[in-house]
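Here's the structure we're looking at; comments come further down.
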Amino acid sequence: MRIVLLGAPGSGKGTQAQRLVQRFGLPQVSTGDLLRSAVARGTTYGLQARAAMDAGQLVADEIVLGIIRERLAEADAARGYVLDGFPRNAAQARALAAMLKAIDRPLDAVVLFNVPYGEIVKRIAGRRSCPKCGAVYNIHDVPAGSVLRCSNGADHPALVQRPDDNEATVAMRLDVYEKQTRPLIEHYAGLGLLRAIDANAPPDVVTSRLIGALLRPAKKQRAAKKPVAKKKAAKKKSPRKPAARRKAAVKRKVAARRKVAAKRKAVKRKVVKRQVVRRVKRAAAKLSRAVKRAVRKRH
Ligand code: AP5
C-alpha cells in the first residue's frame, strides 16, 4: 500500500503514520524526520535545509526529492509506505507521480486530515519529543506538574520542544501550507485518490477514521460525486419539462398582474362614483338654497 498523509502542520500526520506502521507493517517516510536527521548529522543536505526549516519555509525541491528518492529505493519500501509530509507542493507531486510511474507502482490513497487552526496551534504549542528516539508527546495529555520524560526507556532523556515549534515559525508554516500545499487537495481529488477525514478528535478515534477511509473503496467515493441522485430528485419534484414550467410561470405572472390591475380599476371606479355623488349633492343643495332665496324675495 502506498499512502500519502496530507494536512496542515500539527494536524496529527506523524502520530497517525506511527499507528499505520504498527498496524500494517509499512515504513513511515517523513521528509520532516529525514531532514531533521540530516541537520543533526550535519550532512550537506542538512546544512542546506536548516535555514529554510528554521524559517518555516519549504526546503528546496532538489534536496527533498534527492532525499525521498534515496529513501524509497530502500528495501523496506518495496511493499509500500506511508508518506508523511511529502509531497508538499505541485512540483513535488509531479515528481512523485513520475517516480512511481517509472516503476509502475502508483499511489493507492491520499488521506487529508481536517483540523481547525485553533486546535492546530494548541497541538503544536504543546508538542514535545524525545531527542533519542523521536517519540512525540503533548503536554496537554499529561497531568500538570509531572516530569516530561520519554516512556520508551529509562535511559531516554527529558522531552524537548522542536526549534520550529515557536509562534513566528508556526504562522509561517501555516501560511506556506495554505499557499503551496492546500492546492494538492484539489489535485488528488481530481485523480480520485483523496479521502478526507475529520481529524479533530482523540487519536484513537482518528485512527479508526483513517483506517476506515483507507479500507473504503475509492470507486464508491467517486460514484458519490456524480450528480445522478440530484438529477433524479429534480425530476421527481415536477414531471413537467423546463419549457412547459417556464410557460406556466409566465401565465401565472400575467394572471396575477391582471388581477391587481382589475382591483385597482374597481377602487378607482368607487372613488370616482363617490366624487360624482358628492358633487351632485353639493349642486342640489346650492339649487335648493337659491330657490329658497327667490321665494323669500317674492314675499
Ligand atoms: P514536518 O516535520 O513535516 O512538520 P509539519 O508538516 O509541519 O508537521 P508536523 O510534524 O508539525 O505535524 P504532524 O501533522 O506530523 O503532527 P503530529 O503528529 O506531530 O516538517 C518540518 C519542516 O521540514 C517544514 O517546515 C519544512 O521546512 C521541512 N519539510 C518537511 N517536508 C518537506 C517537503 N516535503 N518539502 C519541503 N520542505 C519540507 O502532532 C502534533 C502534536 O499534536 C503532537 O504533540 C501530538 O502528540 C498531538 N496530537 C496528534 N494527534 C492528536 C489528536 N488527535 N488529538 C490531540 N493531540 C494530537
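Residues are named by chain letter and number: chains run A, B, ... in the order of the C-alpha cells, numbers start at 1 in each chain, and ligands are numbered from 1 in the order shown.
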Which residues of chain A come within 7 Å of ligand 1, and for each one, what is the closest pair of atoms and their distance in Å to one decimal, counting only C-alpha atoms and all ligand atoms, sorted by chain and residue number, as CSV?
```
residue,atom,partner,partner_atom_place_in_ligand_line,distance
A:Gly7,CA,ligand 1,14 (O),6.4
A:Ala8,CA,ligand 1,6 (O),6.1
A:Pro9,CA,ligand 1,7 (O),3.4
A:Gly10,CA,ligand 1,12 (O),3.3
A:Ser11,CA,ligand 1,14 (O),4.0
A:Gly12,CA,ligand 1,18 (O),3.3
A:Lys13,CA,ligand 1,14 (O),3.8
A:Gly14,CA,ligand 1,15 (O),3.5
A:Thr15,CA,ligand 1,18 (O),3.7
A:Gln16,CA,ligand 1,18 (O),6.4
A:Ser30,CA,ligand 1,3 (O),6.4
A:Thr31,CA,ligand 1,31 (N),4.3
A:Gly32,CA,ligand 1,2 (O),3.4
A:Asp33,CA,ligand 1,2 (O),5.8
A:Leu35,CA,ligand 1,23 (O),6.3
A:Ala52,CA,ligand 1,27 (O),5.4
A:Met53,CA,ligand 1,27 (O),3.5
A:Asp54,CA,ligand 1,27 (O),7.0
A:Gly56,CA,ligand 1,25 (O),4.6
A:Gln57,CA,ligand 1,27 (O),4.9
A:Leu58,CA,ligand 1,37 (N),3.6
A:Val59,CA,ligand 1,37 (N),3.8
A:Ala60,CA,ligand 1,36 (C),6.1
A:Asp61,CA,ligand 1,35 (N),6.3
A:Val64,CA,ligand 1,35 (N),5.7
A:Asp84,CA,ligand 1,3 (O),6.7
A:Gly85,CA,ligand 1,3 (O),4.4
A:Phe86,CA,ligand 1,34 (N),4.1
A:Pro87,CA,ligand 1,34 (N),5.0
A:Arg88,CA,ligand 1,34 (N),4.8
A:Arg123,CA,ligand 1,42 (O),4.1
A:Ile124,CA,ligand 1,41 (C),5.2
A:Gly126,CA,ligand 1,44 (O),5.8
A:Arg127,CA,ligand 1,44 (O),3.4
A:Arg128,CA,ligand 1,44 (O),6.0
A:Val136,CA,ligand 1,46 (O),5.5
A:Tyr137,CA,ligand 1,46 (O),4.3
A:Asn138,CA,ligand 1,44 (O),4.0
A:Arg173,CA,ligand 1,25 (O),5.7
A:Ala199,CA,ligand 1,53 (N),6.1
A:Asn200,CA,ligand 1,53 (N),6.0
A:Ala201,CA,ligand 1,53 (N),5.0
A:Pro202,CA,ligand 1,53 (N),4.3
A:Pro203,CA,ligand 1,53 (N),3.7
A:Val206,CA,ligand 1,53 (N),6.0
```
Could you dump the residues just selected with N, CA and C atoms as a short mmCIF file (atom, residue, chain, number, x, y, z; two decimals), in the first residue's frame?
```cif
data_model
loop_
_atom_site.label_atom_id
_atom_site.label_comp_id
_atom_site.auth_asym_id
_atom_site.auth_seq_id
_atom_site.Cartn_x
_atom_site.Cartn_y
_atom_site.Cartn_z
N GLY A 7 -1.98 17.20 5.21
CA GLY A 7 -2.64 18.02 6.24
C GLY A 7 -1.71 19.10 6.73
N ALA A 8 -2.30 20.08 7.41
CA ALA A 8 -1.52 21.21 7.93
C ALA A 8 -0.52 20.73 8.97
N PRO A 9 0.51 21.56 9.26
CA PRO A 9 1.43 21.20 10.33
C PRO A 9 0.65 20.98 11.62
N GLY A 10 1.02 19.95 12.36
CA GLY A 10 0.35 19.70 13.65
C GLY A 10 -1.00 19.03 13.54
N SER A 11 -1.42 18.63 12.34
CA SER A 11 -2.74 18.01 12.21
C SER A 11 -2.75 16.55 12.66
N GLY A 12 -1.58 16.02 12.98
CA GLY A 12 -1.51 14.65 13.51
C GLY A 12 -1.03 13.61 12.51
N LYS A 13 -0.41 14.05 11.43
CA LYS A 13 0.06 13.10 10.39
C LYS A 13 1.10 12.13 10.97
N GLY A 14 2.08 12.69 11.69
CA GLY A 14 3.16 11.87 12.24
C GLY A 14 2.62 10.85 13.24
N THR A 15 1.72 11.30 14.11
CA THR A 15 1.14 10.42 15.14
C THR A 15 0.41 9.26 14.47
N GLN A 16 -0.39 9.57 13.46
CA GLN A 16 -1.17 8.52 12.80
C GLN A 16 -0.30 7.65 11.90
N SER A 30 8.87 10.13 6.54
CA SER A 30 8.56 11.52 6.89
C SER A 30 9.71 12.40 6.42
N THR A 31 9.42 13.31 5.49
CA THR A 31 10.50 14.18 5.00
C THR A 31 10.99 15.09 6.13
N GLY A 32 10.07 15.47 7.02
CA GLY A 32 10.47 16.30 8.17
C GLY A 32 11.51 15.57 9.02
N ASP A 33 11.22 14.28 9.35
CA ASP A 33 12.15 13.48 10.17
C ASP A 33 13.48 13.27 9.43
N LEU A 35 14.81 15.17 7.15
CA LEU A 35 15.55 16.44 7.11
C LEU A 35 16.15 16.77 8.48
N ALA A 52 16.00 27.07 5.88
CA ALA A 52 14.59 27.05 5.46
C ALA A 52 13.71 26.48 6.56
N MET A 53 14.16 25.41 7.21
CA MET A 53 13.35 24.78 8.27
C MET A 53 13.17 25.73 9.45
N ASP A 54 14.26 26.41 9.85
CA ASP A 54 14.18 27.35 10.97
C ASP A 54 13.23 28.50 10.67
N GLY A 56 10.58 28.22 8.75
CA GLY A 56 9.23 27.73 8.48
C GLY A 56 8.91 27.66 6.99
N GLN A 57 9.94 27.79 6.16
CA GLN A 57 9.76 27.72 4.70
C GLN A 57 9.97 26.29 4.23
N LEU A 58 9.57 26.01 2.99
CA LEU A 58 9.84 24.68 2.44
C LEU A 58 11.31 24.59 2.04
N VAL A 59 11.88 23.43 2.28
CA VAL A 59 13.26 23.19 1.84
C VAL A 59 13.22 23.01 0.30
N ALA A 60 14.28 23.41 -0.37
CA ALA A 60 14.30 23.36 -1.85
C ALA A 60 13.93 21.97 -2.37
N ASP A 61 13.16 21.96 -3.47
CA ASP A 61 12.67 20.69 -4.03
C ASP A 61 13.81 19.71 -4.36
N VAL A 64 14.80 17.87 -1.18
CA VAL A 64 13.76 16.95 -0.70
C VAL A 64 13.61 15.77 -1.66
N ASP A 84 4.61 10.89 4.90
CA ASP A 84 4.14 11.86 5.90
C ASP A 84 4.87 13.19 5.66
N GLY A 85 4.13 14.18 5.13
CA GLY A 85 4.74 15.49 4.88
C GLY A 85 5.35 15.61 3.50
N PHE A 86 5.06 14.70 2.64
CA PHE A 86 5.52 14.72 1.25
C PHE A 86 4.44 14.08 0.37
N PRO A 87 4.08 14.65 -0.77
CA PRO A 87 4.56 15.90 -1.36
C PRO A 87 3.91 17.12 -0.68
N ARG A 88 4.57 18.27 -0.86
CA ARG A 88 4.09 19.48 -0.20
C ARG A 88 3.83 20.62 -1.18
N ARG A 123 -2.04 22.21 19.57
CA ARG A 123 -1.28 20.95 19.50
C ARG A 123 0.21 21.23 19.31
N ILE A 124 0.53 22.18 18.40
CA ILE A 124 1.95 22.45 18.13
C ILE A 124 2.63 23.06 19.36
N GLY A 126 1.97 22.54 22.36
CA GLY A 126 2.15 21.56 23.42
C GLY A 126 3.02 20.37 23.02
N ARG A 127 3.49 20.34 21.77
CA ARG A 127 4.25 19.15 21.33
C ARG A 127 5.64 19.10 21.96
N ARG A 128 6.02 17.93 22.42
CA ARG A 128 7.38 17.68 22.93
C ARG A 128 7.80 16.33 22.35
N VAL A 136 6.80 11.21 19.94
CA VAL A 136 6.12 12.51 20.08
C VAL A 136 5.07 12.45 21.19
N TYR A 137 5.04 13.49 22.02
CA TYR A 137 4.08 13.59 23.13
C TYR A 137 3.43 14.97 23.08
N ASN A 138 2.51 15.19 24.01
CA ASN A 138 1.92 16.52 24.12
C ASN A 138 1.68 16.86 25.58
N ARG A 173 4.66 28.52 8.72
CA ARG A 173 4.38 27.16 8.22
C ARG A 173 2.92 27.02 7.79
N ALA A 199 -10.08 15.01 11.55
CA ALA A 199 -9.01 14.59 12.46
C ALA A 199 -9.01 15.40 13.75
N ASN A 200 -10.11 16.10 14.00
CA ASN A 200 -10.24 16.87 15.24
C ASN A 200 -10.98 16.02 16.27
N ALA A 201 -10.27 15.00 16.73
CA ALA A 201 -10.86 14.05 17.68
C ALA A 201 -9.69 13.36 18.39
N PRO A 202 -9.97 12.62 19.49
CA PRO A 202 -8.87 11.92 20.17
C PRO A 202 -8.14 10.98 19.20
N PRO A 203 -6.83 10.76 19.44
CA PRO A 203 -6.03 9.96 18.50
C PRO A 203 -6.63 8.60 18.12
N VAL A 206 -9.34 9.11 15.61
CA VAL A 206 -8.77 9.48 14.30
C VAL A 206 -8.21 8.23 13.62
#
```
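Counting only C-alpha atoms, A:Leu65 has the following residues at most 9 Å away, ignoring those fewer than 5 positions along the same chain: Ala60, Glu70, Gln92, Ala95 and Leu96 of chain A.
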If you run DSSP over the backbone, which residues in stretch 11-81 of chain A end up strand (DSSP E)? Put them as a ChimeraX atom specification. /A:28-30,81
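Taking only C-alpha atoms, the non-local environment of A:Glu62 within 12 Å (same-chain residues fewer than 6 positions away omitted) comprises Tyr45, Gln48, Ala49, Ile68, Arg69, Ala91, Gln92 and Ala95 of chain A.
Among the candidates A:Ala55, A:Ala158, A:Ala248, A:Leu20, the residue lying nearest to A:Gly134 is A:Ala158 (atoms considered: only C-alpha atoms).
Of the listed residues A:Gly118, A:Pro157, A:Gly25, A:Gly80, the one whose atoms come nearest to A:Arg105 is A:Gly80, with distances taken using only C-alpha atoms.
Of the residues listed (A:Ala266, A:Cys133, A:Met172, A:Leu193), A:Leu193 shows the shortest atom-to-atom separation from A:Arg2; distances use only C-alpha atoms.
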DSSP says helix (DSSP H, G or I) for which residues of stretch 116-181 of chain A? Put them as a PyMOL selection string? chain A and resi 117-126+139-141+167-181
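Across the model, the gap from atom CA of A:Tyr117 to atom CA of A:Val160 is 23.1 Å.
Among A:Ala97, A:Leu5, A:Leu159, A:Ile67, the residue with the shortest atom-to-atom distance to A:Leu210, counting only C-alpha atoms, is A:Leu5.
If you measure from each of A:Ala98, A:Leu194, A:Ala144, A:Ile63 to A:Val4 using only C-alpha atoms, the closest one turns out to be A:Leu194.
Of note, atom CA of A:Ala90 and atom CA of A:Leu107 are spaced 15.6 Å apart.
For the pair atom CA of A:Ala168 and atom CA of A:Glu119, the separation is 16.8 Å.
Considering only C-alpha atoms, the residue among A:Ala290, A:Val110, A:Val29, A:Ala125 positioned nearest to A:Arg71 is A:Val29.
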Spatial neighbours of A:Met1, 7 Å, only C-alpha atoms, chain gap at least 5 places, as a PyMOL selection string: chain A and resi 79-81+108
